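As provided, my_file-v4.txt (compact mmCIF, C-alpha atoms and all ligand atoms) reads as follows.
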# COMPACT_ATOMS: atom_id res chain seq x y z
CA MET J 1 21.87 -0.92 -8.20
CA LYS J 2 22.81 -3.28 -11.05
CA ILE J 3 20.08 -4.18 -13.51
CA LEU J 4 20.34 -6.97 -16.07
CA VAL J 5 18.41 -6.42 -19.31
CA VAL J 6 17.53 -9.54 -21.29
CA ASN J 7 16.25 -9.74 -24.86
CA ALA J 8 15.49 -13.34 -25.76
CA GLY J 9 15.00 -14.45 -29.37
CA SER J 10 14.24 -17.92 -30.70
CA SER J 11 17.93 -18.91 -30.92
CA SER J 12 19.65 -15.95 -29.28
CA LEU J 13 19.72 -14.15 -25.94
CA LYS J 14 21.18 -10.65 -25.73
CA TYR J 15 22.07 -9.15 -22.36
CA GLN J 16 23.32 -5.88 -20.88
CA LEU J 17 24.26 -5.30 -17.27
CA PHE J 18 23.75 -1.68 -16.18
CA ASP J 19 25.23 0.05 -13.18
CA MET J 20 22.29 2.41 -12.63
CA ASP J 21 24.16 4.58 -10.12
CA LYS J 22 26.54 5.52 -12.92
CA GLY J 23 24.02 5.10 -15.77
CA GLU J 24 26.56 2.87 -17.55
CA VAL J 25 26.66 -0.52 -19.22
CA ILE J 26 29.33 -2.56 -17.43
CA ALA J 27 29.00 -5.74 -19.51
CA LYS J 28 26.98 -6.91 -22.46
CA GLY J 29 26.86 -9.76 -24.87
CA ASN J 30 24.95 -12.22 -26.96
CA CYS J 31 24.37 -15.95 -26.70
CA GLU J 32 23.71 -17.31 -30.16
CA ARG J 33 22.74 -20.55 -31.86
CA ILE J 34 20.77 -21.73 -28.80
CA GLY J 35 19.35 -25.17 -29.51
CA VAL J 36 21.73 -25.59 -32.46
CA ASP J 37 25.26 -25.72 -31.05
CA GLY J 38 25.96 -22.51 -29.11
CA ALA J 39 28.29 -19.52 -29.10
CA VAL J 40 28.76 -16.46 -26.90
CA THR J 41 30.27 -12.99 -27.23
CA HIS J 42 30.86 -11.17 -23.95
CA LYS J 43 32.01 -7.53 -23.89
CA ARG J 44 33.22 -5.15 -21.20
CA PRO J 45 34.12 -1.53 -21.92
CA GLY J 46 37.84 -1.02 -22.33
CA LYS J 47 38.59 -4.75 -22.25
CA GLU J 48 39.09 -7.33 -24.93
CA ASP J 49 35.92 -9.12 -26.11
CA TYR J 50 35.53 -12.75 -25.10
CA ARG J 51 34.21 -15.16 -27.74
CA ALA J 52 33.65 -18.87 -27.32
CA SER J 53 31.73 -21.84 -28.63
CA VAL J 54 29.76 -23.29 -25.73
CA ALA J 55 27.04 -25.93 -25.92
CA LEU J 56 23.69 -24.14 -25.37
CA ALA J 57 20.79 -26.56 -25.52
CA SER J 58 18.22 -24.16 -24.06
CA HIS J 59 17.57 -20.63 -22.80
CA ASP J 60 18.25 -21.98 -19.28
CA ASP J 61 21.77 -22.89 -20.44
CA ALA J 62 22.20 -19.40 -21.93
CA ILE J 63 21.16 -17.61 -18.72
CA ALA J 64 23.38 -19.89 -16.63
CA LEU J 65 26.28 -19.02 -18.94
CA VAL J 66 25.55 -15.28 -18.74
CA LEU J 67 25.60 -15.44 -14.93
CA LYS J 68 28.82 -17.49 -15.00
CA LEU J 69 30.49 -14.90 -17.25
CA LEU J 70 29.24 -11.92 -15.22
CA THR J 71 30.62 -13.40 -11.99
CA ASP J 72 33.77 -15.01 -13.46
CA PRO J 73 36.93 -13.97 -11.57
CA GLU J 74 38.63 -12.93 -14.82
CA LEU J 75 35.84 -12.08 -17.27
CA GLY J 76 33.23 -10.95 -14.78
CA VAL J 77 32.16 -7.55 -13.49
CA ILE J 78 30.36 -8.57 -10.28
CA ALA J 79 31.33 -10.92 -7.46
CA ASP J 80 28.00 -12.61 -7.02
CA MET J 81 24.58 -12.95 -8.65
CA SER J 82 23.01 -11.27 -5.61
CA GLU J 83 24.49 -7.95 -6.82
CA ILE J 84 21.86 -7.96 -9.57
CA GLY J 85 18.91 -6.03 -8.16
CA ALA J 86 16.43 -7.02 -10.88
CA VAL J 87 16.12 -8.28 -14.43
CA GLY J 88 14.25 -6.34 -17.12
CA HIS J 89 12.91 -8.39 -20.03
CA ARG J 90 12.16 -6.98 -23.43
CA VAL J 91 8.78 -8.41 -24.45
CA ALA J 92 7.49 -7.42 -27.88
CA HIS J 93 3.81 -8.09 -27.21
CA GLY J 94 1.84 -7.50 -24.04
CA GLY J 95 -1.56 -7.92 -25.72
CA GLU J 96 -4.50 -5.90 -24.43
CA LYS J 97 -3.90 -6.65 -20.75
CA LEU J 98 -0.22 -5.94 -20.06
CA ARG J 99 -0.28 -2.21 -20.68
CA LYS J 100 2.43 -1.16 -18.28
CA SER J 101 5.87 -2.44 -17.39
CA GLY J 102 5.54 -4.59 -14.28
CA ILE J 103 7.09 -7.20 -12.03
CA LEU J 104 6.07 -10.47 -13.68
CA LYS J 105 3.69 -12.70 -11.76
CA ASP J 106 2.48 -16.22 -12.58
CA GLU J 107 -0.74 -14.86 -14.07
CA ASP J 108 1.21 -12.53 -16.39
CA ILE J 109 3.19 -15.49 -17.77
CA GLU J 110 -0.08 -17.37 -18.22
CA TYR J 111 -1.50 -14.39 -20.11
CA LEU J 112 1.61 -14.22 -22.33
CA TYR J 113 1.05 -17.91 -23.17
CA SER J 114 -2.59 -17.16 -24.00
CA ILE J 115 -1.61 -14.57 -26.65
CA VAL J 116 1.05 -16.63 -28.41
CA ASN J 117 -1.44 -17.16 -31.25
CA ILE J 118 -1.25 -13.43 -32.12
CA ASN J 119 2.51 -13.24 -31.48
CA PRO J 120 3.85 -16.58 -32.71
CA LEU J 121 7.35 -15.39 -33.64
CA HIS J 122 8.43 -13.34 -30.63
CA GLY J 123 6.13 -14.64 -27.86
CA PRO J 124 7.56 -18.12 -27.20
CA PRO J 125 11.26 -17.07 -26.99
CA ALA J 126 10.45 -14.12 -24.68
CA ILE J 127 8.55 -16.47 -22.35
CA LYS J 128 11.47 -18.94 -22.42
CA GLY J 129 13.87 -16.14 -21.41
CA ILE J 130 11.61 -15.05 -18.52
CA GLU J 131 11.04 -18.61 -17.28
CA ALA J 132 14.76 -19.40 -17.45
CA CYS J 133 15.56 -16.33 -15.32
CA ARG J 134 12.79 -17.11 -12.84
CA ARG J 135 14.12 -20.65 -12.41
CA ILE J 136 17.79 -19.72 -12.09
CA MET J 137 17.54 -16.35 -10.29
CA LYS J 138 14.81 -17.31 -7.84
CA ASP J 139 14.84 -14.32 -5.49
CA ILE J 140 15.54 -11.62 -8.06
CA PRO J 141 12.51 -9.66 -9.36
CA GLN J 142 11.78 -10.21 -13.07
CA VAL J 143 10.24 -7.21 -14.84
CA GLY J 144 8.45 -7.27 -18.19
CA VAL J 145 8.74 -4.20 -20.45
CA PHE J 146 6.33 -4.50 -23.36
CA ASP J 147 6.85 -2.81 -26.74
CA THR J 148 3.09 -2.58 -27.14
CA SER J 149 2.40 -0.84 -23.84
CA PHE J 150 3.30 2.59 -25.23
CA TYR J 151 0.21 2.25 -27.42
CA GLY J 152 -2.27 1.44 -24.66
CA GLN J 153 -3.99 4.84 -25.00
CA ILE J 154 -4.47 4.90 -28.77
CA PRO J 155 -8.20 5.65 -29.23
CA ASP J 156 -10.49 2.81 -30.35
CA TYR J 157 -11.22 4.45 -33.73
CA ALA J 158 -7.47 4.42 -34.48
CA TYR J 159 -6.77 0.88 -33.34
CA THR J 160 -9.84 -0.85 -34.78
CA TYR J 161 -9.64 -2.21 -38.34
CA PRO J 162 -12.64 -1.64 -40.62
CA ILE J 163 -13.47 -5.35 -40.95
CA PRO J 164 -16.40 -7.25 -39.33
CA TYR J 165 -16.22 -6.49 -35.60
CA GLU J 166 -16.56 -10.19 -34.77
CA TYR J 167 -12.89 -10.70 -35.80
CA TYR J 168 -11.82 -8.29 -33.11
CA GLU J 169 -14.04 -10.05 -30.59
CA LYS J 170 -12.93 -13.52 -31.66
CA TYR J 171 -9.21 -13.02 -32.32
CA ARG J 172 -8.40 -9.58 -30.85
CA ILE J 173 -7.40 -8.39 -34.33
CA ARG J 174 -6.58 -4.69 -33.89
CA ARG J 175 -3.62 -2.31 -34.06
CA TYR J 176 -1.15 -3.03 -31.25
CA GLY J 177 1.95 -1.18 -32.49
CA PHE J 178 5.58 -2.18 -31.92
CA HIS J 179 8.99 -0.56 -31.17
CA GLY J 180 7.15 1.29 -28.36
CA THR J 181 10.14 1.26 -26.00
CA SER J 182 12.23 3.03 -28.67
CA HIS J 183 9.53 5.61 -29.46
CA ARG J 184 9.07 6.25 -25.73
CA TYR J 185 12.79 6.69 -25.16
CA VAL J 186 13.43 9.11 -28.05
CA SER J 187 10.30 11.18 -27.43
CA GLY J 188 11.36 11.63 -23.80
CA LYS J 189 14.85 12.54 -24.89
CA ALA J 190 13.50 15.10 -27.40
CA ALA J 191 11.52 16.85 -24.66
CA GLU J 192 14.60 16.78 -22.43
CA MET J 193 16.72 18.37 -25.18
CA LEU J 194 14.19 21.18 -25.56
CA GLY J 195 13.91 21.63 -21.80
CA ARG J 196 10.16 21.22 -22.09
CA ASP J 197 7.59 18.86 -20.66
CA LEU J 198 6.25 16.03 -22.84
CA SER J 199 2.75 17.14 -21.88
CA GLU J 200 3.13 20.33 -23.93
CA LEU J 201 4.61 18.82 -27.11
CA LYS J 202 3.40 17.18 -30.32
CA ILE J 203 6.10 14.74 -31.45
CA ILE J 204 6.44 12.42 -34.45
CA THR J 205 9.07 9.73 -33.93
CA CYS J 206 10.43 7.90 -36.98
CA HIS J 207 12.17 4.63 -36.07
CA ILE J 208 13.62 3.63 -39.43
CA GLY J 209 15.81 0.55 -39.43
CA ASN J 210 15.50 -2.94 -40.75
CA GLY J 211 12.01 -2.83 -39.27
CA SER J 212 10.43 0.64 -39.30
CA SER J 213 7.58 2.43 -37.59
CA ILE J 214 6.37 5.97 -37.00
CA SER J 215 4.44 7.16 -33.94
CA ALA J 216 2.44 10.28 -33.12
CA ILE J 217 2.78 11.45 -29.51
CA LYS J 218 0.46 14.25 -28.47
CA ASN J 219 0.99 15.84 -25.06
CA GLY J 220 2.84 12.77 -23.81
CA VAL J 221 0.27 10.24 -25.06
CA CYS J 222 0.85 8.11 -28.15
CA ILE J 223 -2.28 8.50 -30.25
CA ASP J 224 -1.31 6.57 -33.38
CA THR J 225 1.43 4.37 -34.80
CA SER J 226 2.14 2.86 -38.19
CA MET J 227 2.66 -0.78 -37.21
CA GLY J 228 -0.52 -2.70 -36.55
CA PHE J 229 -1.71 -6.17 -35.61
CA THR J 230 1.80 -7.33 -36.53
CA PRO J 231 5.06 -5.48 -37.23
CA GLN J 232 4.18 -5.78 -40.92
CA GLU J 233 1.97 -2.71 -41.38
CA GLY J 234 3.12 0.79 -42.31
CA LEU J 235 6.38 1.69 -44.02
CA PRO J 236 8.13 -0.52 -46.56
CA MET J 237 11.03 -2.12 -44.59
CA GLY J 238 14.15 -4.19 -45.24
CA THR J 239 12.22 -7.30 -46.31
CA ARG J 240 8.65 -6.47 -45.16
CA SER J 241 6.12 -4.92 -47.49
CA GLY J 242 4.40 -2.56 -45.08
CA SER J 243 0.88 -1.45 -46.05
CA LEU J 244 -0.69 -2.36 -49.36
CA ASP J 245 -4.13 -2.86 -50.88
CA PRO J 246 -5.37 -5.96 -48.98
CA SER J 247 -6.91 -7.44 -52.14
CA VAL J 248 -3.43 -7.81 -53.64
CA ILE J 249 -2.90 -10.69 -51.20
CA PRO J 250 -5.69 -13.10 -52.31
CA PHE J 251 -4.96 -12.08 -55.93
CA ILE J 252 -1.33 -13.23 -55.69
CA MET J 253 -2.27 -16.37 -53.73
CA GLN J 254 -4.80 -17.40 -56.34
CA ASN J 255 -2.68 -16.59 -59.39
CA GLU J 256 0.57 -18.04 -58.00
CA GLY J 257 -1.19 -20.97 -56.30
CA ILE J 258 0.53 -20.32 -52.98
CA SER J 259 -0.62 -20.99 -49.41
CA ALA J 260 -1.23 -18.44 -46.63
CA LYS J 261 2.11 -19.44 -45.08
CA GLU J 262 3.96 -18.93 -48.37
CA MET J 263 2.23 -15.59 -48.87
CA ASP J 264 3.24 -14.55 -45.37
CA ASP J 265 6.83 -15.40 -46.32
CA VAL J 266 6.57 -13.23 -49.44
CA LEU J 267 5.26 -10.28 -47.42
CA ASN J 268 7.70 -10.67 -44.51
CA ARG J 269 10.93 -11.87 -46.08
CA LYS J 270 10.86 -11.11 -49.78
CA SER J 271 9.30 -7.65 -49.99
CA GLY J 272 10.25 -4.11 -48.99
CA LEU J 273 13.66 -2.75 -50.05
CA LEU J 274 14.78 -6.26 -51.02
CA GLY J 275 11.67 -7.13 -53.03
CA VAL J 276 11.48 -3.90 -54.99
CA SER J 277 15.22 -3.34 -55.58
CA GLY J 278 16.12 -7.01 -56.09
CA VAL J 279 19.49 -5.96 -54.60
CA SER J 280 19.44 -6.19 -50.80
CA SER J 281 17.44 -5.55 -47.64
CA ASP J 282 20.37 -3.45 -46.37
CA CYS J 283 19.74 0.21 -47.05
CA ARG J 284 23.46 0.96 -47.60
CA GLU J 285 23.67 -1.61 -50.39
CA VAL J 286 20.48 -0.31 -51.99
CA ILE J 287 21.89 3.24 -51.91
CA ASP J 288 25.16 2.05 -53.49
CA ALA J 289 23.21 0.28 -56.23
CA ALA J 290 21.04 3.35 -56.85
CA ASN J 291 24.16 5.53 -57.11
CA ALA J 292 25.56 3.06 -59.63
CA GLY J 293 22.45 3.57 -61.79
CA ASN J 294 20.20 0.68 -60.70
CA ASP J 295 16.70 2.08 -61.29
CA ARG J 296 14.87 -0.44 -59.11
CA ALA J 297 17.16 0.48 -56.22
CA ARG J 298 16.28 4.15 -56.86
CA LEU J 299 12.60 3.20 -56.88
CA ALA J 300 12.82 1.31 -53.57
CA LEU J 301 14.41 4.34 -51.86
CA ASP J 302 11.95 6.78 -53.40
CA MET J 303 9.14 4.60 -52.05
CA LEU J 304 10.60 4.61 -48.53
CA ILE J 305 10.83 8.42 -48.67
CA HIS J 306 7.31 8.73 -50.12
CA TYR J 307 5.65 6.54 -47.47
CA THR J 308 7.57 8.19 -44.63
CA LYS J 309 6.43 11.65 -45.76
CA LYS J 310 2.88 10.41 -46.17
CA ILE J 311 2.68 9.03 -42.63
CA ILE J 312 4.33 12.14 -41.13
CA GLY J 313 1.78 14.30 -42.97
CA SER J 314 -1.14 12.24 -41.71
CA TYR J 315 0.11 12.51 -38.12
CA VAL J 316 0.47 16.29 -38.42
CA ALA J 317 -3.20 16.32 -39.43
CA GLU J 318 -4.20 13.97 -36.59
CA MET J 319 -2.40 16.06 -33.97
CA ASN J 320 -3.28 19.44 -35.51
CA GLY J 321 0.41 20.29 -35.77
CA VAL J 322 3.82 19.05 -34.78
CA ASP J 323 6.64 20.53 -32.67
CA VAL J 324 9.32 17.90 -33.14
CA ILE J 325 10.15 15.20 -35.68
CA VAL J 326 12.70 12.64 -34.47
CA PHE J 327 14.75 10.22 -36.58
CA THR J 328 16.16 7.11 -34.94
CA ALA J 329 17.34 3.47 -35.52
CA GLY J 330 19.86 2.17 -38.07
CA ILE J 331 18.72 4.19 -41.08
CA GLY J 332 17.21 7.16 -39.22
CA GLU J 333 20.35 7.67 -37.13
CA ASN J 334 22.93 7.10 -39.84
CA ASP J 335 21.59 7.96 -43.25
CA ARG J 336 22.01 11.72 -43.65
CA TRP J 337 20.92 11.66 -47.30
CA LEU J 338 17.62 9.97 -46.49
CA ARG J 339 16.87 12.42 -43.64
CA GLU J 340 17.46 15.29 -46.07
CA ARG J 341 15.19 13.74 -48.70
CA ILE J 342 12.39 12.96 -46.24
CA THR J 343 12.33 16.48 -44.78
CA ALA J 344 12.76 18.27 -48.13
CA ASP J 345 9.77 20.29 -49.38
CA MET J 346 8.03 20.27 -46.03
CA ASP J 347 8.52 23.96 -45.32
CA ALA J 348 4.77 24.50 -45.59
CA LEU J 349 4.55 22.42 -42.40
CA GLY J 350 7.36 24.43 -40.82
CA VAL J 351 9.88 21.61 -41.27
CA LYS J 352 13.31 22.65 -42.52
CA ILE J 353 16.66 21.15 -41.63
CA ASP J 354 20.09 22.77 -41.72
CA CYS J 355 21.89 20.59 -44.29
CA GLU J 356 25.30 21.57 -42.94
CA ILE J 357 24.40 20.32 -39.44
CA ASN J 358 22.74 17.23 -40.92
CA ASN J 359 25.90 16.41 -42.89
CA THR J 360 28.40 17.03 -40.13
CA CYS J 361 26.70 16.06 -36.85
CA PRO J 362 28.69 13.33 -35.08
CA ARG J 363 27.23 9.83 -35.36
CA GLY J 364 25.70 8.52 -32.16
CA GLN J 365 25.05 11.96 -30.71
CA ALA J 366 21.57 13.43 -30.27
CA THR J 367 21.41 16.59 -32.40
CA ASP J 368 18.82 19.22 -33.33
CA LEU J 369 19.07 19.50 -37.12
CA SER J 370 16.59 22.36 -37.58
CA ALA J 371 17.34 25.40 -39.69
CA PRO J 372 17.12 28.72 -37.76
CA ASP J 373 13.84 29.66 -39.51
CA ALA J 374 12.16 26.25 -39.01
CA ARG J 375 8.99 26.21 -36.91
CA VAL J 376 9.39 22.50 -36.21
CA HIS J 377 12.44 20.90 -34.58
CA THR J 378 13.89 18.00 -36.55
CA MET J 379 16.18 15.85 -34.44
CA VAL J 380 18.34 12.78 -34.74
CA ILE J 381 18.37 10.83 -31.47
CA PRO J 382 20.12 7.47 -31.05
CA THR J 383 17.65 5.05 -29.53
CA ASP J 384 18.47 3.04 -26.40
CA GLU J 385 15.74 0.53 -25.72
CA GLU J 386 17.87 -1.39 -23.21
CA TYR J 387 18.45 1.68 -21.06
CA MET J 388 14.72 2.47 -21.14
CA ILE J 389 14.03 -1.11 -19.96
CA ALA J 390 16.64 -0.72 -17.21
CA LEU J 391 15.05 2.58 -16.08
CA ASP J 392 11.56 1.03 -15.92
CA THR J 393 12.94 -1.95 -14.03
CA LEU J 394 14.76 0.25 -11.53
CA SER J 395 11.72 2.40 -10.84
CA LEU J 396 9.53 -0.67 -10.33
CA VAL J 397 11.85 -2.36 -7.86
CA ASN J 398 12.43 0.91 -6.02
CA ALA J 399 8.69 1.56 -5.75
P1 LIG A 401 16.89 -3.56 -36.73
O1 LIG A 401 15.49 -3.17 -37.11
O2 LIG A 401 17.24 -4.94 -37.17
O3 LIG A 401 17.27 -3.23 -35.31
P2 LIG A 401 18.68 -1.38 -37.41
O4 LIG A 401 17.96 -0.36 -36.65
O5 LIG A 401 20.02 -1.81 -36.92
O6 LIG A 401 17.81 -2.65 -37.68
O7 LIG A 401 18.85 -0.83 -38.91
C1 LIG A 401 19.45 -1.57 -39.92
C2 LIG A 401 19.45 -0.70 -41.17
O8 LIG A 401 20.26 0.45 -40.90
C3 LIG A 401 20.06 -1.37 -42.39
O9 LIG A 401 19.21 -1.17 -43.51
C4 LIG A 401 21.36 -0.62 -42.58
O10 LIG A 401 21.69 -0.52 -43.95
C5 LIG A 401 21.02 0.75 -42.04
N1 LIG A 401 22.25 1.48 -41.72
C6 LIG A 401 23.14 1.21 -40.76
N2 LIG A 401 24.19 2.08 -40.84
C7 LIG A 401 23.94 2.89 -41.89
C8 LIG A 401 24.62 3.98 -42.51
N3 LIG A 401 25.79 4.38 -42.06
N4 LIG A 401 24.02 4.57 -43.55
C9 LIG A 401 22.84 4.15 -44.02
N5 LIG A 401 22.15 3.14 -43.49
C10 LIG A 401 22.69 2.51 -42.44
What would you get if you wrote out this structure as structure tokens?
Ligand code: ADP
Amino acid sequence: MKILVVNAGSSSLKYQLFDMDKGEVIAKGNCERIGVDGAVTHKRPGKEDYRASVALASHDDAIALVLKLLTDPELGVIADMSEIGAVGHRVAHGGEKLRKSGILKDEDIEYLYSIVNINPLHGPPAIKGIEACRRIMKDIPQVGVFDTSFYGQIPDYAYTYPIPYEYYEKYRIRRYGFHGTSHRYVSGKAAEMLGRDLSELKIITCHIGNGSSISAIKNGVCIDTSMGFTPQEGLPMGTRSGSLDPSVIPFIMQNEGISAKEMDDVLNRKSGLLGVSGVSSDCREVIDAANAGNDRARLALDMLIHYTKKIIGSYVAEMNGVDVIVFTAGIGENDRWLRERITADMDALGVKIDCEINNTCPRGQATDLSAPDARVHTMVIPTDEEYMIALDTLSLVNA
């Protein structure tokens, strides 16, 4: 069966078409500048990429273009839309109700609309992508895969914030967690690599990229994660602050005379690696600056290492141990130096990597980095959220 995976953003729509019998991507691409002017990149393995400027007024136009490209006699990979067995949609937020991937029904879309207030950035574009596909691909099942659903079993004492309970009742302010599809994929892959069942492992997954989060998975159930009500909590990120003393926020607002919206911009777009280093939100550029002697770049990296260690340590305590630590996403998969720094001086916990393997393992390949005398496996596993979405979609339509 062929499964189309769609990830709709406010002005972009990424797609991948999987041939699930072969477990391969047969075409993928990105529609960009939707609602502005419009452009598309369409890729097929082993063939030249196709790039074009095409007017894209809406997400409906983008989906229609994707289907046209996929079925095009020259650029396409399928003869007809009916070859697509189902569409899997990446949806960042499923709120408290949508706790499992599922075939989307009218009431699910209505529920997604009802939680746009707690997911204002990613909610509306995801809904637009789903509605466009439902309109244009009428008979093809549309499946929602929610980043938050991996966190549906976090206990109440770990997801509730210590503020007046009425704010939870009134606004559903609580920890939801994000990147769940990535954490789910790499934790499953880690168990597979060890030839063991998830139900007998304690795993800490570190998704460190432009946005970063860490999750604790005990016996196959995620019991805690570092992102919270929004993807802002936890580690310092490319431009996001991560956790800080909450009283810093009203202090800055009062002293700088800035509004809640401006403060949100400071915390989301001007903080993290960028805010501290003053150099860049891109980890590679911060590392280059630190190597050239920039002390604020050094500080920003030391902070990322410090907070990562701190969260790993707290999850070891929460789970009463750990069997596997996994690194994934842009920084986690590629930055060997940072992996070495994060895992250094953790031998008391049984964590010890083989620096030779860490320095030479091929990029893009899942690898166990542990030293022979380590009690805990440390792994690098490339994430594949789209494949996870395709697998969920396949199993739902087959069921
Ligand atoms: P997003 O959260 O947007 O999906 P990614 O997971 O792609 O982000 O991660 C982007 C981050 O990965 C950037 O900070 C980038 O510098 C970092 N990165 C990518 N490649 C490397 C590399 N070879 N070495 C170090 N960092 C890298």
### Task
Give me the residues within 9 Å of Met137 in chain J as a PyMOL selection string, counting only C-alpha atoms and dropping any in the same chain fewer than 4 places off.
chain J and resi 81-82+132-133+141-142
Residue contacts of Met1 in chain J (10 Å, all atoms listed in the file) excluding same-chain residues fewer than 2 positions away, as a compact mmCIF listing (two decimals) with C-alpha atoms, in the frame of the given file:
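The new file out_31.txt reads:
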# COMPACT_ATOMS: atom_id res chain seq x y z
CA ILE J 3 20.08 -4.18 -13.51
CA PHE J 18 23.75 -1.68 -16.18
CA ASP J 19 25.23 0.05 -13.18
CA MET J 20 22.29 2.41 -12.63
CA ASP J 21 24.16 4.58 -10.12
CA LYS J 22 26.54 5.52 -12.92
CA GLY J 23 24.02 5.10 -15.77
CA GLU J 83 24.49 -7.95 -6.82
CA ILE J 84 21.86 -7.96 -9.57
CA GLY J 85 18.91 -6.03 -8.16
CA ALA J 86 16.43 -7.02 -10.88
CA LEU J 394 14.76 0.25 -11.53
CA ASN J 398 12.43 0.91 -6.02
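Environment of (2.4, 6.8, -36.3): residues at most 7 Å away, judged by only C-alpha atoms, are Ser213, Ile214, Ser215, Ala216, Asp224, Thr225, Ser226, Ile311 and Tyr315 of chain J.
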Create the file for the chosen residues now, containing C-alpha atoms and written as a PDB file, in the coordinates of the input.
ATOM      1  CA  SER J 213       7.580   2.430 -37.590  1.00  0.00           C
ATOM      2  CA  ILE J 214       6.370   5.970 -37.000  1.00  0.00           C
ATOM      3  CA  SER J 215       4.440   7.160 -33.940  1.00  0.00           C
ATOM      4  CA  ALA J 216       2.440  10.280 -33.120  1.00  0.00           C
ATOM      5  CA  ASP J 224      -1.310   6.570 -33.380  1.00  0.00           C
ATOM      6  CA  THR J 225       1.430   4.370 -34.800  1.00  0.00           C
ATOM      7  CA  SER J 226       2.140   2.860 -38.190  1.00  0.00           C
ATOM      8  CA  ILE J 311       2.680   9.030 -42.630  1.00  0.00           C
ATOM      9  CA  TYR J 315       0.110  12.510 -38.120  1.00  0.00           C
TER      10      TYR J 315
END
### Task
Write out as a PyMOL selection string each polymer residue (protein, DNA or RNA) that has an atom no more than 9 Å from ligand LIG 401 (chain A), with only C-alpha atoms and all ligand atoms counted.
chain J and resi 207-212+237-238+273+280-287+328-338+363+383
Can I get the selection written as a PDB file, keeping the file's coordinate frame, with C-alpha atoms?
ATOM      1  CA  HIS J 207      12.170   4.630 -36.070  1.00  0.00           C
ATOM      2  CA  ILE J 208      13.620   3.630 -39.430  1.00  0.00           C
ATOM      3  CA  GLY J 209      15.810   0.550 -39.430  1.00  0.00           C
ATOM      4  CA  ASN J 210      15.500  -2.940 -40.750  1.00  0.00           C
ATOM      5  CA  GLY J 211      12.010  -2.830 -39.270  1.00  0.00           C
ATOM      6  CA  SER J 212      10.430   0.640 -39.300  1.00  0.00           C
ATOM      7  CA  MET J 237      11.030  -2.120 -44.590  1.00  0.00           C
ATOM      8  CA  GLY J 238      14.150  -4.190 -45.240  1.00  0.00           C
ATOM      9  CA  LEU J 273      13.660  -2.750 -50.050  1.00  0.00           C
ATOM     10  CA  SER J 280      19.440  -6.190 -50.800  1.00  0.00           C
ATOM     11  CA  SER J 281      17.440  -5.550 -47.640  1.00  0.00           C
ATOM     12  CA  ASP J 282      20.370  -3.450 -46.370  1.00  0.00           C
ATOM     13  CA  CYS J 283      19.740   0.210 -47.050  1.00  0.00           C
ATOM     14  CA  ARG J 284      23.460   0.960 -47.600  1.00  0.00           C
ATOM     15  CA  GLU J 285      23.670  -1.610 -50.390  1.00  0.00           C
ATOM     16  CA  VAL J 286      20.480  -0.310 -51.990  1.00  0.00           C
ATOM     17  CA  ILE J 287      21.890   3.240 -51.910  1.00  0.00           C
ATOM     18  CA  THR J 328      16.160   7.110 -34.940  1.00  0.00           C
ATOM     19  CA  ALA J 329      17.340   3.470 -35.520  1.00  0.00           C
ATOM     20  CA  GLY J 330      19.860   2.170 -38.070  1.00  0.00           C
ATOM     21  CA  ILE J 331      18.720   4.190 -41.080  1.00  0.00           C
ATOM     22  CA  GLY J 332      17.210   7.160 -39.220  1.00  0.00           C
ATOM     23  CA  GLU J 333      20.350   7.670 -37.130  1.00  0.00           C
ATOM     24  CA  ASN J 334      22.930   7.100 -39.840  1.00  0.00           C
ATOM     25  CA  ASP J 335      21.590   7.960 -43.250  1.00  0.00           C
ATOM     26  CA  ARG J 336      22.010  11.720 -43.650  1.00  0.00           C
ATOM     27  CA  TRP J 337      20.920  11.660 -47.300  1.00  0.00           C
ATOM     28  CA  LEU J 338      17.620   9.970 -46.490  1.00  0.00           C
ATOM     29  CA  ARG J 363      27.230   9.830 -35.360  1.00  0.00           C
ATOM     30  CA  THR J 383      17.650   5.050 -29.530  1.00  0.00           C
TER      31      THR J 383
END
### Message
What's around range 258-267 of chain J at 8 Å? Count all atoms listed in the file, leave out sequence neighbours fewer than 2 positions away in its own chain, and write the answer as a ChimeraX atom specification.
### Response
/J:232,239-241,249,252-254,256,269-271
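Distances from J:Glu32, J:Cys361, J:Asp72, J:His42 to Ala55 in chain J were compared using all atoms listed in the file, and the smallest one belongs to J:Glu32.
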### Query
Which one is closest to Tyr387 in chain J: J:Gly152, J:Gly88, J:Pro362, J:Pro236? Count all atoms listed in the file.
J:Gly88
### Message
Just to confirm, what's the straight-line distance from CA of Ile26 in chain J to CA of Ala57 in chain J in Å (one decimal)?
### Response
26.7 Å
